[in-house]
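First up is the structure itself, then whatever we jot down about it.
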Amino acid sequence: MGSLERKSPPELEGLPLVKPQRNDGNTSPLEITPQSHYVGPRSEDFPSKCILSSIFHSIKIALFSNKLNLLIPCGPLAILVDKLTNHLGWVFFLSLLGIIPLAERLGWATEQLAFFTGPTVGGLLNATFGNATELIISMHALRSGMLRVVQQSLLGSILSNMLLVLGCALFGGGIAHFRREQVFNKPSAAMNSGLLLMAVMGLLFPAVLHVTRTELHFGKSELALSRFSSCVMLVAYGAYIFFQLTNQKILYSPINEESPTSEISDDEEAPEISKWESIVWLFILTSLISVLSEYLVNTIQGASVAMNIPVAFISVILLPIVGNAAEHAGAVMFAVKDKLDISLGVAIGSSTQIAMFVIPFTVVVGWIMGRPMDLNFQLFETATLIMTVLVVAFMLQEGTSNYFKGLMLLFCYLIVAASFFVHIDPESVQDNPDNHI
């Protein structure tokens with residue numbers, strides 16, 4: 001040991017601090033501890049704990065981070081009530097409440113997945129899953145032969161977005177910013193209004209053709225025109241998506257939005273879950289919505305009789321609540337924060353998507369399934385849609401907003417709701433649902 005002390009530091013650097021050859025019977029803890037800690041926990045225990053913690057973290061964020069998720073137990077309750085009792089009204093009501101949080105979480109999962117894709121793929125994801133709940137309900141009703149429920153529920157989603165959701169957003173933003181008018185992107189709103197007018201054109205001509213009895217081939221021309229118009233509308237919507245993803249950043253610039261605030265808001269946005277977790281949640285939530293939608297559609301007729309409410313009122317007013325509840329809250333929140341462009345994108349953009357994509361898509365799917373789904377929504381419904389689009393277009397033409405404009409849209413929605421409460425379809429167009437589900 002004394003010889004070691006006399007050596008210079010360069011000579012000491014090559015010597016091992018612990019010599020296992022000289023400690024055969026007396027093993028030092030310095031030799032054992034590093035090997036056991038590296039081989040044991042990191043190779044076996046740590047990965048399993050990491051996977052479990054990520055699963056629990058994902059479930060916590062997806063199911064327990066939103067107060068709206070308190071309604072999730074209504075879904076299993078609806079299935080239980082359907083199996084144990086014959087109260088179709090309660091099954092419909094519980095299914096309606098159970099789908100609301102699932103629809104909101106489906107939109108959340110789509111937004112999470114869009115973080116990991118480029119702007120093009122993210123835009124296509126939002127275009128595909130933005131109104132997935134309405135599309136799933138429509139597919140179940142279409143399979144059941146309830147064509148009027150499909151038509152009226154999709155019409156109701158457009159009316160709800162344009163009058164109720166947009167009205168609440170403009171009213172809430174106007175109250176929060178009482179002393180000044182809010183400003184939004186006028187060209188973008190005008191383009192959406194133009195697409196909605198094109199959709200009105202597609203729905204108007206089959207209805208006029210039916211009412212005036214001027215079909216070239218009675219009973220066939222109306223359906224053929226609807227299918228042709230649907231294909232044209234789908235192509236037009238695809239061109240709109242392409243235009244929006246490629247040119248919108250160049251042509252449209254945010255109004256009254258400073259660069260520092262936009263950078264801060266962009267920095268604050270971050271995904272809450274991973275890409276594969278988003279995909280798994282999309283699959284799970286879509287499956288759950290599909291199951292509850294079947295119970296919802298199957299109980300519409302019974303709920304109408306039990307609650308003494310017309311099927312038209314259920315389809316146009318109550319069913320759209322399912323898909324628009326989350327959008328409603330989001331649009332109002334952004335309007336209060338003076339981000340009116342986002343609110344308009346939620347309300348008007350969703351209406352455009354349903355009118356130009358979901359409705360034509362159901363016509364094409366009905367064509368494939370052998371269902372005579374057409375664009376003749378009947379004269380009463382078509383007139384309601386025309387007036388709604390015109391009222392909203394006039395409200396947005398100036399590019400400014402205040403609480404009174406929102407209040408007028410809400411009053412218009414009350415008139416529409418009262419109209420459908422006293423409206424009943426003629427027997428010639430009423431649904432005769434089959435049970436081939």
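Convention: chains lettered A, B, ... in structure tokens order; per-chain residue numbering from 1; ligands numbered from 1 as shown.
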
*Looking only at the backbone, which of the residues in stretch 180-312 of chain A does DSSP tag as helix (DSSP H, G or I), as number ranges by chain?*
A: 186-212, 221-251, 259-268, 275-298, 300-307, 311-312

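For the atom pair formed by atom CA of A:Ala418 and atom CA of A:Gly173, the distance is 26.2 Å, given to one decimal.
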
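Minimum atom-to-atom distances from A:Gln353, A:Leu379, A:Tyr413, A:Ala303 to A:Asn86 were compared using only C-alpha atoms, and the lowest value belongs to A:Ala303.
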
Please tabulate, as JSON lines, the residues of stretch 50-148 of chain A that come within 8 Å of stretch 357-366 of chain A, each with its closest pair of atoms and the distance in Å to one decimal, counting only C-alpha atoms and ordering rows by chain, then residue number upward.
{"residue": "A:Asn131", "atom": "CA", "partner": "A:Val358", "partner_atom": "CA", "distance": 7.9}
{"residue": "A:Leu135", "atom": "CA", "partner": "A:Val358", "partner_atom": "CA", "distance": 6.6}
{"residue": "A:Ser138", "atom": "CA", "partner": "A:Thr362", "partner_atom": "CA", "distance": 7.4}
{"residue": "A:Met139", "atom": "CA", "partner": "A:Thr362", "partner_atom": "CA", "distance": 7.4}
{"residue": "A:Leu142", "atom": "CA", "partner": "A:Gly366", "partner_atom": "CA", "distance": 7.0}

*Tell me which of A:Thr133, A:Thr388, A:Thr352, A:Asn247 sits closest to A:Ser153, counting only C-alpha atoms.*
A:Thr133

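Here atom CA of A:Glu294 is placed at a distance of 17.2 Å from atom CA of A:Thr85.
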
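The nearest approach to A:Val291 among the residues A:Ser95, A:Ser157, A:Ser54, A:Ser144, with only C-alpha atoms taken into account, belongs to A:Ser95.
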
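Interatomic distance, atom CA of A:Ser53 against atom CA of A:Leu292: 29.7 Å.
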
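When only C-alpha atoms are used to measure the gap to A:Ala141, the shortest distance among A:Met373, A:Leu410, A:Leu245, A:Met162 belongs to A:Met373.
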
*Identify, on the basis of only C-alpha atoms, every residue whose closest approach to stretch 218-229 of chain A does not exceed 10 Å; exclude the query and any residue fewer than 2 positions from it along the same chain; express the result as number ranges by chain.*
A: 199, 201-203, 205-210, 213-216, 231-235, 360-361, 363-364, 366-367, 372-376

Suppose we keep C-alpha atoms; can you now write the selection as a PDB file, in the first residue's frame?
ATOM      1  CA  ALA A 199     -75.805  22.125 -51.473  1.00  0.00           C
ATOM      2  CA  MET A 201     -79.291  23.757 -55.121  1.00  0.00           C
ATOM      3  CA  GLY A 202     -78.627  20.022 -55.040  1.00  0.00           C
ATOM      4  CA  LEU A 203     -81.475  19.470 -52.564  1.00  0.00           C
ATOM      5  CA  PHE A 205     -84.132  20.536 -57.729  1.00  0.00           C
ATOM      6  CA  PRO A 206     -85.192  16.960 -56.806  1.00  0.00           C
ATOM      7  CA  ALA A 207     -87.853  18.383 -54.467  1.00  0.00           C
ATOM      8  CA  VAL A 208     -89.158  20.760 -57.162  1.00  0.00           C
ATOM      9  CA  LEU A 209     -89.096  17.946 -59.701  1.00  0.00           C
ATOM     10  CA  HIS A 210     -91.206  15.829 -57.346  1.00  0.00           C
ATOM     11  CA  ARG A 213     -94.640  16.213 -61.383  1.00  0.00           C
ATOM     12  CA  THR A 214     -92.334  17.034 -64.303  1.00  0.00           C
ATOM     13  CA  GLU A 215     -90.159  13.911 -64.219  1.00  0.00           C
ATOM     14  CA  LEU A 216     -89.225  12.442 -67.572  1.00  0.00           C
ATOM     15  CA  CYS A 231     -71.421  12.536 -57.116  1.00  0.00           C
ATOM     16  CA  VAL A 232     -70.898  16.109 -58.315  1.00  0.00           C
ATOM     17  CA  MET A 233     -71.146  17.437 -54.726  1.00  0.00           C
ATOM     18  CA  LEU A 234     -68.594  14.892 -53.500  1.00  0.00           C
ATOM     19  CA  VAL A 235     -66.148  15.937 -56.224  1.00  0.00           C
ATOM     20  CA  PRO A 360     -74.157  12.916 -50.777  1.00  0.00           C
ATOM     21  CA  PHE A 361     -72.160  10.075 -49.223  1.00  0.00           C
ATOM     22  CA  VAL A 363     -76.999   8.748 -51.108  1.00  0.00           C
ATOM     23  CA  VAL A 364     -74.103   6.873 -52.720  1.00  0.00           C
ATOM     24  CA  GLY A 366     -77.779   3.825 -50.229  1.00  0.00           C
ATOM     25  CA  TRP A 367     -77.256   3.313 -53.964  1.00  0.00           C
ATOM     26  CA  PRO A 372     -83.718   4.529 -52.647  1.00  0.00           C
ATOM     27  CA  MET A 373     -82.017   7.301 -50.679  1.00  0.00           C
ATOM     28  CA  ASP A 374     -82.354  10.568 -52.603  1.00  0.00           C
ATOM     29  CA  LEU A 375     -81.921  14.319 -52.194  1.00  0.00           C
ATOM     30  CA  ASN A 376     -85.663  15.027 -52.095  1.00  0.00           C
TER      31      ASN A 376
END

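The shortest atom-to-atom distance to A:His177, with only C-alpha atoms taken into account, belongs to A:Val336 out of A:Gly370, A:Val336, A:Arg143, A:Ile424.
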
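Taking the backbone of this structure through DSSP, the residues of stretch 179-412 of chain A that come out as strand (DSSP E) are Gln182, Val183, Thr400 and Ser401 of chain A.
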
_Could you list, as a VMD selection string, every residue within 9 Å of A:Thr400, counting only C-alpha atoms and ignoring same-chain residues fewer than 2 positions away?_
chain A and resid 181 to 186 395 to 398 402
